[in-house]
$ cat model-v7.tsv   # TSV, C-alpha atoms
chain	number	residue	atom	x	y	z
N	1	MET	CA	16.48	17.84	-3.79
N	2	LYS	CA	17.44	14.67	-1.90
N	3	VAL	CA	15.62	11.40	-2.61
N	4	ALA	CA	16.05	8.15	-0.68
N	5	VAL	CA	15.06	4.83	-2.26
N	6	ILE	CA	14.73	2.09	0.37
N	7	GLY	CA	15.41	-1.33	-1.12
N	8	GLY	CA	17.92	-2.54	-3.69
N	9	GLY	CA	15.67	-4.86	-5.67
N	10	ALA	CA	14.05	-4.52	-9.08
N	11	ALA	CA	11.47	-1.92	-7.98
N	12	GLY	CA	14.02	0.11	-6.00
N	13	PHE	CA	16.56	0.25	-8.82
N	14	PHE	CA	13.93	1.12	-11.41
N	15	ALA	CA	12.45	3.84	-9.17
N	16	ALA	CA	15.88	5.40	-8.57
N	17	ILE	CA	16.75	5.37	-12.29
N	18	SER	CA	13.35	6.86	-13.18
N	19	CYS	CA	13.77	9.54	-10.51
N	20	LYS	CA	17.16	10.60	-11.87
N	21	GLU	CA	15.81	10.56	-15.41
N	22	HIS	CA	12.87	12.82	-14.52
N	23	HIS	CA	14.83	14.97	-12.05
N	24	PRO	CA	18.47	15.16	-13.25
N	25	GLU	CA	19.33	17.68	-10.53
N	26	ALA	CA	18.19	15.36	-7.71
N	27	ASN	CA	20.58	13.67	-5.32
N	28	VAL	CA	19.27	10.07	-5.42
N	29	SER	CA	20.46	7.30	-3.10
N	30	ILE	CA	19.52	3.60	-2.87
N	31	PHE	CA	19.77	1.99	0.59
N	32	GLU	CA	19.89	-1.82	0.79
N	33	LYS	CA	20.05	-3.51	4.20
N	34	SER	CA	21.78	-6.67	2.92
N	35	SER	CA	25.12	-7.11	1.18
N	36	LYS	CA	23.48	-7.97	-2.17
N	37	THR	CA	21.32	-6.02	-4.57
N	38	LEU	CA	18.92	-7.42	-7.19
N	39	ALA	CA	19.02	-10.85	-5.53
N	40	LYS	CA	15.59	-11.91	-6.78
N	41	VAL	CA	16.46	-10.77	-10.30
N	42	LYS	CA	19.47	-13.09	-10.16
N	43	VAL	CA	17.51	-16.27	-9.34
N	44	SER	CA	14.26	-15.58	-11.19
N	45	GLY	CA	13.28	-17.68	-14.16
N	46	GLY	CA	15.84	-20.33	-13.29
N	47	GLY	CA	18.61	-17.73	-13.45
N	48	ARG	CA	17.39	-16.26	-16.74
N	49	CYS	CA	15.16	-13.43	-15.38
N	50	ASN	CA	11.59	-13.52	-16.66
N	51	VAL	CA	11.45	-9.78	-17.49
N	52	THR	CA	7.78	-9.57	-18.54
N	53	ASN	CA	5.16	-11.45	-20.56
N	54	VAL	CA	4.09	-11.27	-24.17
N	55	CYS	CA	0.42	-11.19	-23.10
N	56	GLU	CA	-1.68	-8.44	-24.64
N	57	PRO	CA	-3.97	-6.51	-24.77
N	58	GLN	CA	-3.52	-4.77	-21.44
N	59	SER	CA	-6.89	-5.99	-20.17
N	60	ASP	CA	-5.67	-9.60	-20.54
N	61	PHE	CA	-2.33	-8.72	-18.93
N	62	LEU	CA	-4.13	-7.38	-15.86
N	63	ARG	CA	-6.07	-10.61	-15.39
N	64	HIS	CA	-2.85	-12.25	-14.21
N	65	TYR	CA	-2.84	-10.33	-10.91
N	66	PRO	CA	-4.84	-11.94	-8.08
N	67	ARG	CA	-4.35	-8.71	-6.14
N	68	GLY	CA	-3.87	-5.23	-7.61
N	69	GLN	CA	-5.24	-5.56	-11.13
N	70	LYS	CA	-7.69	-2.66	-10.76
N	71	GLN	CA	-5.02	-0.34	-9.33
N	72	LEU	CA	-2.31	-1.36	-11.79
N	73	LYS	CA	-4.55	-0.36	-14.67
N	74	LYS	CA	-3.75	3.27	-13.79
N	75	THR	CA	-0.02	2.63	-13.46
N	76	PHE	CA	0.15	0.71	-16.75
N	77	ASN	CA	-1.29	3.76	-18.49
N	78	TYR	CA	2.05	5.44	-17.73
N	79	PHE	CA	4.43	2.49	-18.12
N	80	ASN	CA	3.43	-0.94	-19.44
N	81	ARG	CA	4.89	-4.07	-21.00
N	82	ASN	CA	5.74	-2.36	-24.29
N	83	ASP	CA	7.49	0.44	-22.42
N	84	THR	CA	9.54	-2.15	-20.51
N	85	LEU	CA	10.71	-3.79	-23.74
N	86	GLU	CA	11.57	-0.42	-25.26
N	87	TRP	CA	13.41	0.66	-22.07
N	88	PHE	CA	15.69	-2.39	-22.00
N	89	GLU	CA	16.23	-2.61	-25.74
N	90	SER	CA	17.18	1.08	-25.93
N	91	ARG	CA	19.95	0.18	-23.49
N	92	GLY	CA	21.22	-2.70	-25.59
N	93	VAL	CA	19.31	-5.58	-23.95
N	94	LYS	CA	17.44	-7.64	-26.52
N	95	ILE	CA	14.39	-9.50	-25.19
N	96	LYS	CA	12.88	-12.67	-26.67
N	97	ALA	CA	9.48	-14.32	-26.22
N	98	GLU	CA	9.03	-18.04	-25.57
N	99	ALA	CA	6.09	-20.22	-26.60
N	100	ASP	CA	4.39	-19.92	-23.19
N	101	GLY	CA	4.51	-16.09	-23.29
N	102	ARG	CA	7.40	-15.55	-20.89
N	103	MET	CA	10.02	-13.05	-22.02
N	104	PHE	CA	13.74	-13.29	-21.25
N	105	PRO	CA	16.94	-11.51	-22.27
N	106	ILE	CA	18.25	-13.12	-25.45
N	107	THR	CA	21.35	-14.17	-23.49
N	108	ASP	CA	19.22	-16.39	-21.22
N	109	ASP	CA	21.19	-14.92	-18.32
N	110	SER	CA	19.73	-12.78	-15.53
N	111	GLN	CA	23.14	-11.14	-15.16
N	112	THR	CA	22.35	-9.25	-18.39
N	113	ILE	CA	19.44	-7.49	-16.65
N	114	ILE	CA	21.46	-6.93	-13.46
N	115	ASP	CA	24.38	-5.40	-15.42
N	116	CYS	CA	21.98	-3.13	-17.32
N	117	LEU	CA	20.37	-1.81	-14.13
N	118	ARG	CA	23.67	-1.39	-12.29
N	119	ASN	CA	25.27	0.35	-15.26
N	120	GLU	CA	22.33	2.73	-15.46
N	121	VAL	CA	22.61	3.54	-11.75
N	122	GLU	CA	26.33	4.21	-12.08
N	123	ARG	CA	25.98	6.22	-15.29
N	124	SER	CA	23.24	8.37	-13.75
N	125	GLY	CA	25.28	9.20	-10.67
N	126	ILE	CA	22.93	7.48	-8.23
N	127	SER	CA	24.56	6.57	-4.90
N	128	LEU	CA	24.23	2.94	-3.81
N	129	PHE	CA	24.68	1.86	-0.18
N	130	ASN	CA	24.77	-1.81	0.84
N	131	LYS	CA	24.43	-3.06	4.41
N	132	LYS	CA	22.58	0.12	5.33
N	133	GLY	CA	19.32	-0.74	7.04
N	134	ILE	CA	16.66	1.76	8.04
N	135	VAL	CA	15.67	1.78	11.71
N	136	GLU	CA	13.18	4.63	11.62
N	137	LEU	CA	11.52	6.99	9.19
N	138	LYS	CA	9.88	10.13	10.57
N	139	PRO	CA	8.04	12.94	8.83
N	140	HIS	CA	9.95	16.20	9.31
N	141	ALA	CA	8.11	19.18	10.82
N	142	ASN	CA	8.66	21.29	7.68
N	143	GLY	CA	8.05	18.52	5.14
N	144	GLY	CA	10.29	15.72	3.99
N	145	PHE	CA	11.62	12.95	6.21
N	146	ASP	CA	14.26	12.22	8.80
N	147	MET	CA	15.71	8.77	8.30
N	148	THR	CA	17.71	6.93	10.96
N	149	PHE	CA	20.05	4.14	9.86
N	150	ASP	CA	21.13	1.09	11.82
N	151	ASN	CA	24.39	2.80	12.78
N	152	ASP	CA	22.35	5.49	14.61
N	153	ILE	CA	23.22	8.15	12.03
N	154	SER	CA	20.28	10.22	10.73
N	155	ASP	CA	19.81	12.14	7.51
N	156	TYR	CA	17.13	14.30	5.93
N	157	PHE	CA	15.43	13.57	2.59
N	158	ASP	CA	12.84	15.56	0.66
N	159	PHE	CA	11.24	12.42	-0.79
N	160	VAL	CA	11.34	8.74	0.10
N	161	ILE	CA	10.47	5.82	-2.19
N	162	VAL	CA	9.84	2.48	-0.44
N	163	GLY	CA	10.74	-0.54	-2.59
N	164	THR	CA	11.64	-3.06	0.09
N	165	GLY	CA	9.74	-6.02	-1.39
N	166	GLY	CA	7.42	-8.36	0.47
N	167	SER	CA	8.06	-9.50	4.01
N	168	PRO	CA	7.12	-13.00	5.19
N	169	LYS	CA	6.52	-11.65	8.69
N	170	ASN	CA	3.86	-9.19	9.75
N	171	ALA	CA	6.39	-7.44	11.98
N	172	GLY	CA	8.43	-6.60	8.87
N	173	TYR	CA	5.89	-3.84	8.14
N	174	ASP	CA	5.81	-2.31	11.64
N	175	TRP	CA	7.89	0.70	10.58
N	176	LEU	CA	5.27	1.52	7.91
N	177	ARG	CA	2.44	1.10	10.44
N	178	LYS	CA	4.15	3.75	12.57
N	179	LEU	CA	3.78	6.12	9.62
N	180	GLY	CA	0.01	5.54	9.68
N	181	HIS	CA	-0.28	2.97	6.91
N	182	SER	CA	-2.57	-0.05	7.14
N	183	ILE	CA	-0.98	-3.39	6.29
N	184	VAL	CA	-2.80	-6.37	4.81
N	185	GLU	CA	-1.31	-9.34	6.68
N	186	PRO	CA	1.26	-11.11	4.46
N	187	VAL	CA	0.84	-14.75	3.50
N	188	PRO	CA	2.81	-16.77	0.90
N	189	SER	CA	1.84	-16.82	-2.76
N	190	LEU	CA	3.35	-18.88	-5.62
N	191	PHE	CA	4.16	-22.11	-3.84
N	192	THR	CA	4.07	-25.81	-4.67
N	193	PHE	CA	2.04	-28.56	-2.99
N	194	ASN	CA	3.69	-31.04	-0.64
N	195	ILE	CA	2.25	-34.58	-0.82
N	196	PRO	CA	4.38	-36.48	1.71
N	197	GLU	CA	2.38	-39.73	1.86
N	198	GLU	CA	2.36	-40.49	-1.87
N	199	LYS	CA	5.88	-41.90	-2.27
N	200	LYS	CA	5.17	-43.58	-5.62
N	201	LEU	CA	4.10	-40.24	-7.09
N	202	LYS	CA	7.39	-38.67	-6.02
N	203	ALA	CA	9.22	-41.48	-7.82
N	204	LEU	CA	7.98	-39.74	-11.00
N	205	MET	CA	10.07	-36.65	-10.11
N	206	GLY	CA	10.73	-34.50	-13.18
N	207	LEU	CA	7.72	-35.77	-15.11
N	208	ALA	CA	5.76	-33.00	-16.82
N	209	VAL	CA	2.15	-33.28	-17.93
N	210	PRO	CA	1.46	-30.59	-20.58
N	211	SER	CA	-2.22	-30.13	-19.78
N	212	ALA	CA	-4.13	-30.92	-16.60
N	213	VAL	CA	-6.92	-29.41	-14.49
N	214	VAL	CA	-6.43	-29.12	-10.74
N	215	LYS	CA	-9.19	-28.39	-8.20
N	216	ILE	CA	-9.12	-27.81	-4.45
N	217	GLN	CA	-11.88	-29.97	-3.00
N	218	GLY	CA	-14.51	-28.13	-0.98
N	219	THR	CA	-13.82	-24.83	-2.75
N	220	LYS	CA	-14.47	-23.20	-6.12
N	221	MET	CA	-10.73	-22.98	-6.81
N	222	VAL	CA	-9.69	-24.58	-10.10
N	223	GLN	CA	-6.88	-23.92	-12.59
N	224	ASP	CA	-5.57	-25.59	-15.71
N	225	GLY	CA	-2.16	-25.84	-17.36
N	226	PRO	CA	1.03	-27.90	-17.16
N	227	VAL	CA	1.70	-29.89	-13.97
N	228	LEU	CA	5.16	-30.98	-12.85
N	229	VAL	CA	5.85	-33.84	-10.43
N	230	THR	CA	8.64	-32.99	-7.98
N	231	HIS	CA	10.43	-34.86	-5.18
N	232	TRP	CA	8.01	-33.28	-2.68
N	233	GLY	CA	4.73	-33.36	-4.63
N	234	LEU	CA	3.17	-31.23	-7.38
N	235	SER	CA	4.30	-28.02	-9.06
N	236	GLY	CA	4.03	-26.37	-12.48
N	237	PRO	CA	1.88	-23.49	-13.77
N	238	ALA	CA	-1.52	-24.99	-12.82
N	239	ILE	CA	-0.39	-25.47	-9.20
N	240	LEU	CA	1.30	-22.07	-8.98
N	241	LYS	CA	-1.79	-20.31	-10.31
N	242	LEU	CA	-3.90	-22.09	-7.69
N	243	SER	CA	-1.48	-21.03	-4.96
N	244	ALA	CA	-1.59	-17.40	-6.07
N	245	TRP	CA	-5.35	-17.04	-6.50
N	246	GLY	CA	-6.02	-19.10	-3.38
N	247	ALA	CA	-3.16	-17.70	-1.27
N	248	ARG	CA	-5.29	-16.48	1.62
N	249	GLN	CA	-7.81	-19.32	1.55
N	250	LEU	CA	-5.08	-21.99	1.50
N	251	PHE	CA	-3.31	-20.18	4.35
N	252	ASP	CA	-6.55	-20.38	6.36
N	253	MET	CA	-6.61	-24.13	5.64
N	254	ASN	CA	-3.10	-24.36	7.08
N	255	TYR	CA	-2.06	-25.90	3.74
N	256	ASN	CA	-3.94	-29.11	4.51
N	257	PHE	CA	-6.47	-29.99	1.82
N	258	LYS	CA	-7.28	-32.43	-0.97
N	259	ALA	CA	-6.23	-31.63	-4.55
N	260	GLN	CA	-8.13	-33.29	-7.38
N	261	VAL	CA	-6.29	-33.72	-10.70
N	262	ASN	CA	-7.83	-34.30	-14.11
N	263	TRP	CA	-4.84	-35.66	-16.07
N	264	THR	CA	-6.70	-35.51	-19.43
N	265	GLY	CA	-6.49	-31.73	-19.76
N	266	GLY	CA	-10.22	-31.18	-19.35
N	267	MET	CA	-11.96	-34.11	-21.04
N	268	ASN	CA	-15.35	-34.99	-19.63
N	269	GLU	CA	-16.33	-38.52	-18.62
N	270	GLU	CA	-18.25	-39.33	-21.80
N	271	GLU	CA	-15.37	-38.27	-24.09
N	272	LEU	CA	-12.84	-40.26	-22.08
N	273	ARG	CA	-15.11	-43.33	-21.86
N	274	GLN	CA	-15.49	-43.40	-25.64
N	275	GLN	CA	-11.73	-43.20	-26.05
N	276	VAL	CA	-11.09	-46.02	-23.55
N	277	MET	CA	-13.73	-48.23	-25.22
N	278	LYS	CA	-12.23	-47.52	-28.64
N	279	ILE	CA	-8.68	-48.47	-27.59
N	280	ALA	CA	-10.00	-51.57	-25.81
N	281	GLU	CA	-11.62	-52.64	-29.08
N	282	THR	CA	-8.97	-51.68	-31.62
N	283	GLU	CA	-5.96	-52.76	-29.50
N	284	SER	CA	-7.62	-55.65	-27.69
N	285	LYS	CA	-4.61	-57.96	-27.94
N	286	LYS	CA	-2.11	-55.37	-26.67
N	287	LYS	CA	-1.01	-54.88	-23.09
N	288	ILE	CA	-2.63	-51.83	-21.52
N	289	SER	CA	0.84	-50.49	-20.68
N	290	ASN	CA	1.67	-50.44	-24.42
N	291	ALA	CA	-1.61	-49.06	-25.75
N	292	LYS	CA	-2.56	-45.78	-24.09
N	293	ALA	CA	-6.12	-44.51	-24.18
N	294	LEU	CA	-4.91	-40.91	-24.36
N	295	ASP	CA	-1.73	-38.90	-24.78
N	296	VAL	CA	-0.13	-38.78	-21.33
N	297	PRO	CA	3.51	-39.56	-20.44
N	298	ASN	CA	4.24	-43.31	-20.32
N	299	ARG	CA	5.46	-43.18	-16.72
N	300	LEU	CA	2.24	-41.48	-15.60
N	301	TRP	CA	0.12	-44.04	-17.51
N	302	GLU	CA	1.90	-46.91	-15.77
N	303	TYR	CA	1.75	-45.17	-12.38
N	304	LEU	CA	-2.04	-44.81	-12.68
N	305	PHE	CA	-2.42	-48.58	-13.27
N	306	ASP	CA	-0.43	-49.20	-10.13
N	307	ARG	CA	-2.59	-46.67	-8.31
N	308	ILE	CA	-5.74	-48.69	-9.02
N	309	GLU	CA	-3.88	-52.02	-8.60
N	310	LEU	CA	-4.26	-53.05	-12.23
N	311	ASP	CA	-1.45	-55.13	-13.78
N	312	GLY	CA	0.04	-53.29	-16.76
N	313	HIS	CA	0.72	-56.62	-18.51
N	314	THR	CA	-3.02	-57.26	-18.79
N	315	ILE	CA	-4.26	-57.08	-22.38
N	316	TRP	CA	-7.16	-54.76	-23.12
N	317	ALA	CA	-9.50	-57.66	-23.95
N	318	GLU	CA	-9.16	-58.92	-20.38
N	319	VAL	CA	-9.70	-55.61	-18.57
N	320	LYS	CA	-12.95	-55.86	-16.60
N	321	LYS	CA	-15.64	-53.21	-16.81
N	322	LYS	CA	-15.14	-52.18	-13.17
N	323	ASP	CA	-11.38	-51.68	-13.82
N	324	LYS	CA	-12.11	-49.53	-16.87
N	325	ASN	CA	-14.44	-47.43	-14.70
N	326	ARG	CA	-11.76	-47.09	-12.02
N	327	LEU	CA	-9.18	-46.06	-14.64
N	328	ILE	CA	-11.54	-43.46	-16.11
N	329	ASN	CA	-12.32	-42.10	-12.66
N	330	THR	CA	-8.64	-41.88	-11.72
N	331	LEU	CA	-7.73	-40.09	-14.96
N	332	LEU	CA	-10.53	-37.57	-14.34
N	333	ASN	CA	-10.53	-37.29	-10.54
N	334	ASP	CA	-7.15	-38.36	-9.17
N	335	GLU	CA	-7.06	-37.28	-5.52
N	336	TYR	CA	-4.06	-36.29	-3.38
N	337	THR	CA	-3.79	-35.21	0.25
N	338	VAL	CA	-1.71	-32.03	0.43
N	339	ALA	CA	0.11	-31.41	3.71
N	340	GLY	CA	2.19	-28.27	3.51
N	341	LYS	CA	3.87	-26.16	0.85
N	342	THR	CA	7.30	-25.41	-0.57
N	343	THR	CA	8.52	-22.09	-1.96
N	344	PHE	CA	8.69	-22.16	-5.75
N	345	LYS	CA	12.42	-22.40	-6.51
N	346	GLU	CA	13.96	-19.39	-4.74
N	347	GLU	CA	11.29	-16.95	-5.79
N	348	PHE	CA	9.54	-15.78	-2.64
N	349	VAL	CA	6.31	-13.88	-3.36
N	350	THR	CA	3.80	-12.58	-0.82
N	351	CYS	CA	0.13	-11.82	-0.88
N	352	GLY	CA	-0.28	-8.82	1.44
N	353	GLY	CA	1.50	-5.56	2.20
N	354	VAL	CA	0.58	-1.88	2.15
N	355	ASP	CA	-3.18	-1.42	1.74
N	356	LEU	CA	-3.80	-0.37	-1.87
N	357	SER	CA	-6.54	2.11	-0.94
N	358	GLU	CA	-3.88	4.22	0.77
N	359	VAL	CA	-1.81	4.76	-2.39
N	360	ASP	CA	-2.54	6.91	-5.47
N	361	PHE	CA	-1.62	4.58	-8.35
N	362	SER	CA	-1.35	7.37	-10.89
N	363	THR	CA	1.67	8.65	-8.93
N	364	MET	CA	2.43	5.82	-6.44
N	365	GLN	CA	2.34	8.46	-3.68
N	366	SER	CA	0.98	7.71	-0.22
N	367	ARG	CA	-2.45	9.17	0.49
N	368	LYS	CA	-1.38	9.37	4.15
N	369	LEU	CA	1.97	11.12	3.83
N	370	PRO	CA	2.83	13.44	0.92
N	371	GLY	CA	6.36	12.84	-0.28
N	372	LEU	CA	6.28	9.10	0.53
N	373	PHE	CA	6.06	6.79	-2.49
N	374	PHE	CA	5.79	3.02	-2.93
N	375	ALA	CA	6.98	0.57	-5.60
N	376	GLY	CA	6.88	-3.18	-6.04
N	377	GLU	CA	5.89	-6.00	-3.77
N	378	VAL	CA	5.87	-4.00	-0.52
N	379	LEU	CA	2.33	-3.23	-1.73
N	380	ASP	CA	-0.53	-5.73	-1.55
N	381	ILE	CA	0.07	-6.63	-5.20
N	382	ASP	CA	1.15	-9.95	-6.64
N	383	GLY	CA	0.92	-11.69	-9.97
N	384	ILE	CA	1.06	-15.28	-11.08
N	385	THR	CA	4.32	-16.70	-12.40
N	386	GLY	CA	5.34	-15.66	-15.92
N	387	GLY	CA	6.93	-12.21	-15.63
N	388	PHE	CA	3.93	-10.41	-14.13
N	389	ASN	CA	5.54	-9.63	-10.77
N	390	PHE	CA	8.56	-8.05	-12.46
N	391	GLN	CA	6.27	-6.00	-14.71
N	392	ALA	CA	4.52	-4.64	-11.62
N	393	ALA	CA	7.94	-3.74	-10.20
N	394	TRP	CA	9.09	-1.95	-13.37
N	395	SER	CA	5.80	-0.05	-13.75
N	396	THR	CA	5.33	1.05	-10.14
N	397	GLY	CA	9.03	1.88	-9.88
N	398	PHE	CA	8.97	4.03	-12.99
N	399	VAL	CA	5.87	5.95	-11.90
N	400	ALA	CA	7.09	6.38	-8.29
N	401	GLY	CA	10.36	7.83	-9.60
N	402	LYS	CA	8.54	10.63	-11.37
N	403	LEU	CA	7.72	12.12	-7.92
N	404	ALA	CA	4.49	14.08	-8.30
N	405	GLN	CA	5.26	17.52	-6.84

$ encode --input "model-v7.tsv" --output "structure tokens"
Amino acid sequence: MKVAVIGGGAAGFFAAISCKEHHPEANVSIFEKSSKTLAKVKVSGGGRCNVTNVCEPQSDFLRHYPRGQKQLKKTFNYFNRNDTLEWFESRGVKIKAEADGRMFPITDDSQTIIDCLRNEVERSGISLFNKKGIVELKPHANGGFDMTFDNDISDYFDFVIVGTGGSPKNAGYDWLRKLGHSIVEPVPSLFTFNIPEEKKLKALMGLAVPSAVVKIQGTKMVQDGPVLVTHWGLSGPAILKLSAWGARQLFDMNYNFKAQVNWTGGMNEEELRQQVMKIAETESKKKISNAKALDVPNRLWEYLFDRIELDGHTIWAEVKKKDKNRLINTLLNDEYTVAGKTTFKEEFVTCGGVDLSEVDFSTMQSRKLPGLFFAGEVLDIDGITGGFNFQAAWSTGFVAGKLAQ
């Protein structure tokens, strides 16, 4: 039995290893069109590889997928977060959990995960081919597939697992359309917000606010969590969650919209007003820059004064009522004009791909073509940041490798 795995990323490697584990007699080959394998594993999590997330139960875990949560429920019944931890730890890779739920190898080095996967491929006798792109995949008359490579050489395979990852361009899926599959048009997910006109905000680059609420004006989109100021605008978990859940809507807006930030972490106006009045009374002789009304970073506090043109050297006793109102409004409803997006670090994630209705998620087999399987982000599945996209890759890869026969 000959099995071709197209794609040398996390899903492709895991599918190939699973296939060899379930079918030791199979001749399994991984074909990667570039010169590098596991490239996204290398850069993920700031080079540490965010393997999965501590989140449980499974129902809560699934809520972190804007697309695919219903379908992944089936796949997770066969291979879930706990199985992932057991799989890596049984191969000598210890995994640790951090306070925010993300899980990393204890070495804090993505190379640990890469070495584990590559060692497993080598130990299992799986063939790995770099710089070997696929030009065409055709169903064979008697079952199986004829695959033509970019050097015009063709070969026959009984089963094919597609783990090519997401493509930023619609044309990147044309070869799957030729096989009869419907493709949900790809658009970016997990991106940060560019705010080019607000130069004073960008001067706060590196500042992190532990808890904020961000809304997209004119929509129902809202998320909370940490916000990070970058040299191009806003990032951090709250922004990334918004970009994932709103991927298609923000694409339709051409990434031009107004973002409204509540810097207090969700206080309402009455709560904040009471706090401002209290500090104005108890610290009346202090400069407003030295006596904060709530726990936000000092640089942000001072920036907000500047934003409403209030001198930070003013003592609280001299702050006029209208200025207190403006400060309260800015803390609760700070508004920024977003004009464009930036990919989050080097982690490119797409919303879109192979239509999920055309895949059996208990086997990952195509409903259109028996013998064709899918794994990972080539499907219209994506999760928010935090290890959820890798978990989808491990789970779909493992199940696809079992090859329902």

$ atom_distance --input "model-v7.tsv" --atom1 "CA of Lys178 in chain N" --atom2 "CA of Lys131 in chain N"
22.9 Å

$ closest_residue --input "model-v7.tsv" --among "N:Asn170, N:Val213, N:Phe13, N:Leu137" --to "Asn119 in chain N" --atoms "only C-alpha atoms"
N:Phe13

$ atom_distance --input "model-v7.tsv" --atom1 "CA of Leu300 in chain N" --atom2 "CA of Thr314 in chain N"
16.9 Å

$ atom_distance --input "model-v7.tsv" --atom1 "CA of Thr52 in chain N" --atom2 "CA of Leu190 in chain N"
16.5 Å

$ residues_near_point --input "model-v7.tsv" --point "(-0.2, -34.2, -24.7)" --cutoff "9 Å" --atoms "all atoms listed in the file" --output "number ranges by chain"
N: 209-211, 264-265, 294-297

$ closest_residue --input "model-v7.tsv" --among "N:Phe104, N:Phe361, N:Trp263, N:Trp87" --to "Gly46 in chain N" --atoms "only C-alpha atoms"
N:Phe104

$ residues_near_point --input "model-v7.tsv" --point "(8.2, -3.4, -18.2)" --cutoff "12 Å" --atoms "only C-alpha atoms" --output "number ranges by chain"
N: 10-11, 14, 50-54, 61, 75-89, 95, 103-104, 387-399

$ closest_residue --input "model-v7.tsv" --among "N:Ser284, N:Leu72, N:Lys132, N:Val28" --to "Asp152 in chain N" --atoms "all atoms listed in the file"
N:Lys132

$ axis_aligned_box --input "model-v7.tsv" --around "range 137-147 of chain N" --padding-each-side "4 Å" --output "lines of an AutoDock Vina configuration file"
center_x = 11.9
center_y = 14.1
center_z = 7.4
size_x = 15.7
size_y = 22.3
size_z = 14.8

$ closest_residue --input "model-v7.tsv" --among "N:Arg118, N:Lys322, N:Lys278, N:Lys138" --to "Leu372 in chain N" --atoms "all atoms listed in the file"
N:Lys138

$ closest_residue --input "model-v7.tsv" --among "N:Glu185, N:Asp150, N:Glu270, N:Asp311" --to "Asn130 in chain N" --atoms "only C-alpha atoms"
N:Asp150

$ closest_residue --input "model-v7.tsv" --among "N:Glu377, N:His23, N:Lys286, N:Asp360" --to "Gln71 in chain N" --atoms "all atoms listed in the file"
N:Asp360

$ closest_atom_pairs --input "model-v7.tsv" --of "range 115-167 of chain N" --to "range 353-356 of chain N" --cutoff "12 Å" --atoms "all atoms listed in the file" --output "JSON lines"
{"residue": "N:Val162", "atom": "CA", "partner": "N:Val354", "partner_atom": "CA", "distance": 10.6}
{"residue": "N:Gly163", "atom": "CA", "partner": "N:Val354", "partner_atom": "CA", "distance": 11.3}
{"residue": "N:Thr164", "atom": "CA", "partner": "N:Gly353", "partner_atom": "CA", "distance": 10.7}
{"residue": "N:Gly165", "atom": "CA", "partner": "N:Gly353", "partner_atom": "CA", "distance": 9.0}
{"residue": "N:Gly166", "atom": "CA", "partner": "N:Gly353", "partner_atom": "CA", "distance": 6.8}
{"residue": "N:Ser167", "atom": "CA", "partner": "N:Gly353", "partner_atom": "CA", "distance": 7.9}

$ residues_around --input "model-v7.tsv" --residues "Glu198 in chain N" --least-positions-apart "5" --cutoff "9 Å" --atoms "only C-alpha atoms" --output "number ranges by chain"
N: 233, 336-337

$ residues_around --input "model-v7.tsv" --residues "Ile153 in chain N" --least-positions-apart "6" --cutoff "12 Å" --atoms "all atoms listed in the file" --output "list of chain:residue names"
N:Lys132, N:Gly133, N:Ile134, N:Val135, N:Glu136, N:Asp146, N:Met147

$ residues_around --input "model-v7.tsv" --residues "Gly8 in chain N" --least-positions-apart "6" --cutoff "8 Å" --atoms "only C-alpha atoms" --output "MDAnalysis selection string"
chainID N and resid 30:32 36:38 163:164

$ decode --input "model-v7.tsv" --residues "range 50-67 of chain N" --atoms "C-alpha atoms" --output "mmCIF file, in the first residue's frame"
data_model
loop_
_atom_site.group_PDB
_atom_site.id
_atom_site.type_symbol
_atom_site.label_atom_id
_atom_site.label_comp_id
_atom_site.auth_asym_id
_atom_site.auth_seq_id
_atom_site.Cartn_x
_atom_site.Cartn_y
_atom_site.Cartn_z
ATOM 1 C CA ASN N 50 2.487 26.685 21.315
ATOM 2 C CA VAL N 51 1.656 22.955 21.124
ATOM 3 C CA THR N 52 -1.889 23.090 22.538
ATOM 4 C CA ASN N 53 -3.927 24.727 25.298
ATOM 5 C CA VAL N 54 -4.735 23.708 28.841
ATOM 6 C CA CYS N 55 -8.415 24.566 28.262
ATOM 7 C CA GLU N 56 -10.906 21.899 29.263
ATOM 8 C CA PRO N 57 -13.521 20.439 29.167
ATOM 9 C CA GLN N 58 -13.675 19.674 25.464
ATOM 10 C CA SER N 59 -16.823 21.776 25.002
ATOM 11 C CA ASP N 60 -14.874 24.851 26.172
ATOM 12 C CA PHE N 61 -11.911 23.920 23.969
ATOM 13 C CA LEU N 62 -14.164 23.840 20.907
ATOM 14 C CA ARG N 63 -15.445 27.357 21.571
ATOM 15 C CA HIS N 64 -12.057 28.685 20.473
ATOM 16 C CA TYR N 65 -12.677 27.824 16.806
ATOM 17 C CA PRO N 66 -14.519 30.501 14.793
ATOM 18 C CA ARG N 67 -14.829 27.923 12.011
#
